[in-house]
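Chemist: I have a structure I would like to understand better, so I am pasting it below and will then ask my questions one at a time.
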2 protein chains.
Amino acid sequence: MATTRDRQLHDRQLVEQWRSIQNSYFRTAGAIDRALEAKFDIGLNEFEILDLVAESEESACRMKALGERTPMTQSAVSKVVDRLEKAGLVSRQTCVDDRRSLFLELTEEGRALHANAAVEHRALLKENLGS
Amino acid sequence: MATTRDRQLHDRQLVEQWRSIQNSYFRTAGAIDRALEAKFDIGLNEFEILDLVAESEESACRMKALGERTPMTQSAVSKVVDRLEKAGLVSRQTCVDDRRSLFLELTEEGRALHANAAVEHRALLKENLGS
DNA sequence: ACACATCATATTCCTTGTCATTGAATGACG
DNA sequence: CGTCATTCAATGACAAGGAATATGATGTGT
């Protein structure tokens, strides 16, 4: 039977596990964000959207699909795409089949930046996630 | 010797590992945040500061010390404490030895709220972190 | 005692995110 | 068709965080 003391110990461990997750998450995200900002002038969220668009390059990428692949809100995604578009890295293409939807495409500049930034991104992941 | 193909595979795994960390971090943090907000009207960051203050109850807690225990910025901590103070949950005590420093104390109300909120917090951690 | 670097915290300004709402397009069905 | 609900995306109002800076207190060297 579990004593009060057991529960307190267990709680303590849970909290420590959680803090350790938080720390490694923030450490990693922060390091990547700063590096990308410094070298490519784009933030982590922007890179991640760029990365998703690059991934689905073959199958033309709807905004909707992006929303399902990141923890970001729909409106956050919309704004990130705004910035990427203003920076000339992606373009929104209206879709004839369903005119509510949009397709996203990398511009040449976007493709080039992504290629370079991805190298940095993977390197920092490797460094921070160990393995 | 590592082929190009090997590197691509490895990168893919890294990225997937990272996305999985992100998802579980956001899922957990989001769940806790919403629950605390709904039941106790305080956000996750506020609870975490409250939790740290409660922990160091014996040894009176300087702002500085808080900053070292969370991934939050110094200015973020300062603002979170503002809100906690406005909500009547903690109080800032000026420190006679070094008048740059502050000590934080839970008010009665803060101690009570923390006790209840902590139960919810641990339960959600358990649920989300598994174990 | 004075000038100056350093430290703990607060504050300002800007960016980004969320929530709620909107607008437009589509689908479902009598 | 005509209505009504639903879907996709954008927007505006607002809250929260970060960087840089301000403010005030301490320490240090001379």
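Every chain in the structure tokens takes a letter, A first, then B, and so on in the order presented; its residues are numbered from 1, and the ligands are numbered from 1 following the presented order.
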Which residues in segment 78-116 of chain B does DSSP call helix (DSSP H, G or I)? List them as a PyMOL selection string.
Modeler: chain B and resi 78-86+108-116
Chemist: Contacts from chain A to chain B, 7 Å maximum, only C-alpha atoms: show me the residue list as a ChimeraX atom specification.
Modeler: /A:11,14,23,26,71,122,125-126
Chemist: For atom CA of Ala115 of chain A and atom C1' of DA10 of chain D, determine how far apart the two atoms are, in Å to one decimal place.
Modeler: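 If I compute the distance from atom CA of Ala115 of chain A to atom C1' of DA10 of chain D, I get 29.3 Å.
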Chemist: Select, as an MDAnalysis selection string, those residues of chain C with any atom no more than 8 Å from chain B (distances computed using only C-alpha atoms (C1' of nucleotides)).
Modeler: chainID C and resid 8:10
Chemist: Just to be explicit: take each residue in the selection above, keep N, CA and C atoms (P, O5', C5', C4', C3', O3' and C1' of nucleotides), and write the result as a compact mmCIF listing (two decimals), in the first residue's frame.
Modeler:
# COMPACT_ATOMS: atom_id res chain seq x y z
P DA C 8 23.46 39.57 -8.54
O5' DA C 8 22.21 40.51 -8.23
C5' DA C 8 21.88 40.82 -6.88
C4' DA C 8 20.53 41.50 -6.86
C3' DA C 8 19.40 40.67 -7.49
O3' DA C 8 18.26 40.74 -6.66
C1' DA C 8 19.61 42.77 -8.60
P DT C 9 16.98 39.88 -7.09
O5' DT C 9 16.15 40.97 -7.91
C5' DT C 9 15.69 42.15 -7.24
C4' DT C 9 15.21 43.18 -8.22
C3' DT C 9 13.98 42.81 -9.03
O3' DT C 9 12.88 43.52 -8.46
C1' DT C 9 15.55 44.14 -10.25
P DA C 10 11.45 43.50 -9.14
O5' DA C 10 11.45 44.79 -10.11
C5' DA C 10 11.87 46.04 -9.59
C4' DA C 10 11.69 47.12 -10.64
C3' DA C 10 10.37 47.10 -11.41
O3' DA C 10 9.96 48.45 -11.54
C1' DA C 10 12.17 46.95 -12.93
Chemist: Would you write out, as CSV, a table of all residues in chain D that have an atom no more than 8 Å from an atom of chain B, listing for each the closest atom pair and the distance in Å to one decimal, considering only C-alpha atoms (C1' of nucleotides) and ordering rows by chain and rising residue number?
Modeler:
residue,atom,partner,partner_atom,distance
D:DG17,C1',B:Ala76,CA,6.2
D:DG18,C1',B:Thr73,CA,7.3
D:DG24,C1',B:Arg100,CA,7.5
D:DA25,C1',B:Arg100,CA,5.5
D:DT26,C1',B:Asp98,CA,7.9
Chemist: Output N, CA, C and O atoms (P, O5', C5', C4', C3', O3' and C1' of nucleotides) for every residue in the selection just made, as an mmCIF file, in the first residue's frame.
Modeler:
data_model
loop_
_atom_site.group_PDB
_atom_site.id
_atom_site.type_symbol
_atom_site.label_atom_id
_atom_site.label_comp_id
_atom_site.auth_asym_id
_atom_site.auth_seq_id
_atom_site.Cartn_x
_atom_site.Cartn_y
_atom_site.Cartn_z
ATOM 1 P P DG D 17 4.904 34.987 -20.024
ATOM 2 O "O5'" DG D 17 6.111 35.193 -21.036
ATOM 3 C "C5'" DG D 17 6.211 34.354 -22.173
ATOM 4 C "C4'" DG D 17 7.252 34.930 -23.109
ATOM 5 C "C3'" DG D 17 8.573 35.230 -22.412
ATOM 6 O "O3'" DG D 17 9.628 34.658 -23.169
ATOM 7 C "C1'" DG D 17 7.779 37.170 -23.555
ATOM 8 P P DG D 18 11.144 34.730 -22.598
ATOM 9 O "O5'" DG D 18 11.774 35.829 -23.543
ATOM 10 C "C5'" DG D 18 11.903 35.535 -24.934
ATOM 11 C "C4'" DG D 18 12.692 36.625 -25.609
ATOM 12 C "C3'" DG D 18 13.993 36.943 -24.888
ATOM 13 O "O3'" DG D 18 15.025 37.138 -25.857
ATOM 14 C "C1'" DG D 18 12.587 38.875 -24.943
ATOM 15 P P DG D 24 16.179 55.800 -9.054
ATOM 16 O "O5'" DG D 24 16.730 54.942 -7.823
ATOM 17 C "C5'" DG D 24 16.120 53.706 -7.524
ATOM 18 C "C4'" DG D 24 17.184 52.755 -7.014
ATOM 19 C "C3'" DG D 24 18.153 53.389 -6.003
ATOM 20 O "O3'" DG D 24 17.996 52.683 -4.792
ATOM 21 C "C1'" DG D 24 19.285 52.030 -7.580
ATOM 22 P P DA D 25 18.963 52.948 -3.554
ATOM 23 O "O5'" DA D 25 19.917 51.678 -3.619
ATOM 24 C "C5'" DA D 25 19.336 50.406 -3.386
ATOM 25 C "C4'" DA D 25 20.434 49.373 -3.312
ATOM 26 C "C3'" DA D 25 21.496 49.653 -2.249
ATOM 27 O "O3'" DA D 25 21.783 48.442 -1.574
ATOM 28 C "C1'" DA D 25 22.500 49.475 -4.390
ATOM 29 P P DT D 26 22.680 48.404 -0.294
ATOM 30 O "O5'" DT D 26 23.961 47.565 -0.746
ATOM 31 C "C5'" DT D 26 24.311 47.560 -2.098
ATOM 32 C "C4'" DT D 26 25.383 46.534 -2.374
ATOM 33 C "C3'" DT D 26 26.580 46.595 -1.426
ATOM 34 O "O3'" DT D 26 27.194 45.315 -1.357
ATOM 35 C "C1'" DT D 26 27.195 47.407 -3.560
#
Chemist: List the spatial neighbours of DT6 of chain D as a list in words - criterion: any atom at most 10 Å away, only C-alpha atoms (C1' of nucleotides), same-chain residues fewer than 4 positions off excluded.
Modeler: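 Contacts, with the query itself left out: DT26, DG27 and DA28 of chain C.
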Chemist: The selected residues should be written to file as a tab-separated table (two decimals), in the first residue's frame (atoms: N, CA, C and O atoms (P, O5', C5', C4', C3', O3' and C1' of nucleotides)).
Modeler:
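Result went into again00.tsv, see below:
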chain	number	residue	atom	x	y	z
C	26	DT	P	-15.46	27.20	-54.23
C	26	DT	O5'	-16.17	26.15	-53.27
C	26	DT	C5'	-15.37	25.49	-52.30
C	26	DT	C4'	-16.23	24.64	-51.41
C	26	DT	C3'	-17.17	23.68	-52.16
C	26	DT	O3'	-16.74	22.36	-51.88
C	26	DT	C1'	-18.24	24.73	-50.32
C	27	DG	P	-17.53	21.10	-52.45
C	27	DG	O5'	-18.56	20.75	-51.27
C	27	DG	C5'	-18.07	20.50	-49.96
C	27	DG	C4'	-19.22	20.09	-49.05
C	27	DG	C3'	-20.17	19.06	-49.67
C	27	DG	O3'	-20.51	18.12	-48.65
C	27	DG	C1'	-21.39	21.00	-49.08
C	28	DA	P	-21.46	16.88	-48.93
C	28	DA	O5'	-22.29	16.86	-47.56
C	28	DA	C5'	-22.70	18.10	-46.97
C	28	DA	C4'	-24.11	17.98	-46.39
C	28	DA	C3'	-24.98	16.87	-46.96
C	28	DA	O3'	-25.94	16.53	-45.99
C	28	DA	C1'	-25.84	18.93	-47.66
Chemist: Do you have the atom CA of Ala112 of chain B-atom CA of Leu9 of chain A distance handy?
Modeler: 20.8 Å
Chemist: For segment 35-39 of chain A, list every protein, DNA or RNA residue within 10 Å, evaluated using only C-alpha atoms (C1' of nucleotides), and leave out those in the same chain fewer than 2 positions away; present the list as a list in words.
Modeler: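 Surrounding residues, per the criterion: Ala29, Gly30, Ala31, Ile32, Asp33, Asp41, Ile42, Gly43, Leu44, Glu46, Phe47, Asn116, Ala117, Ala118, Glu120, His121 and Leu124 of chain A.
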Chemist: Next, the residues of the selection above should be written as a tab-separated table (two decimals), in the first residue's frame with C-alpha atoms.
Modeler:
chain	number	residue	atom	x	y	z
A	29	ALA	CA	14.95	25.53	-29.28
A	30	GLY	CA	16.83	28.59	-28.07
A	31	ALA	CA	20.13	27.50	-29.55
A	32	ILE	CA	18.59	26.74	-32.93
A	33	ASP	CA	16.56	29.91	-32.93
A	41	ASP	CA	17.73	35.98	-40.43
A	42	ILE	CA	14.77	33.68	-39.84
A	43	GLY	CA	13.34	32.34	-36.59
A	44	LEU	CA	12.81	28.73	-35.59
A	46	GLU	CA	9.66	30.17	-39.71
A	47	PHE	CA	12.27	27.57	-40.46
A	116	ASN	CA	21.64	25.89	-46.06
A	117	ALA	CA	19.58	26.43	-42.95
A	118	ALA	CA	18.65	22.75	-42.80
A	120	GLU	CA	22.66	24.10	-39.48
A	121	HIS	CA	19.35	22.92	-38.03
A	124	LEU	CA	22.24	21.69	-33.78
Chemist: Running DSSP on the backbone, which parts of chain B land in strand (DSSP E), as a ChimeraX atom specification?
Modeler: /B:61-62,90-94,102-106
Chemist: Leaving out Glu109 of chain B and any residue of its chain fewer than 4 positions from it, which residues lie within 9 Å of it when counting only C-alpha atoms (C1' of nucleotides), given as a ChimeraX atom specification?
Modeler: /B:88-90,113-114
Chemist: May I have the residues from that selection written out with N, CA, C and O atoms, as a PDB file, in the first residue's frame?
Modeler:
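Saved as selection_35.pdb:
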ATOM      1  N   GLY B  88      -2.416  38.661  -5.225  1.00  0.00           N
ATOM      2  CA  GLY B  88      -2.372  38.442  -3.777  1.00  0.00           C
ATOM      3  C   GLY B  88      -1.845  37.081  -3.371  1.00  0.00           C
ATOM      4  O   GLY B  88      -2.151  36.588  -2.293  1.00  0.00           O
ATOM      5  N   LEU B  89      -1.018  36.473  -4.205  1.00  0.00           N
ATOM      6  CA  LEU B  89      -0.549  35.118  -3.905  1.00  0.00           C
ATOM      7  C   LEU B  89       0.859  35.092  -3.310  1.00  0.00           C
ATOM      8  O   LEU B  89       1.210  34.172  -2.583  1.00  0.00           O
ATOM      9  N   VAL B  90       1.658  36.098  -3.652  1.00  0.00           N
ATOM     10  CA  VAL B  90       2.991  36.204  -3.052  1.00  0.00           C
ATOM     11  C   VAL B  90       3.200  37.655  -2.646  1.00  0.00           C
ATOM     12  O   VAL B  90       2.472  38.536  -3.102  1.00  0.00           O
ATOM     13  N   LEU B 113      -3.806  28.200  -2.441  1.00  0.00           N
ATOM     14  CA  LEU B 113      -3.988  27.936  -3.865  1.00  0.00           C
ATOM     15  C   LEU B 113      -2.933  26.960  -4.368  1.00  0.00           C
ATOM     16  O   LEU B 113      -3.223  26.038  -5.113  1.00  0.00           O
ATOM     17  N   HIS B 114      -1.698  27.174  -3.933  1.00  0.00           N
ATOM     18  CA  HIS B 114      -0.637  26.288  -4.378  1.00  0.00           C
ATOM     19  C   HIS B 114      -0.914  24.839  -3.995  1.00  0.00           C
ATOM     20  O   HIS B 114      -0.714  23.927  -4.799  1.00  0.00           O
TER      21      HIS B 114
END
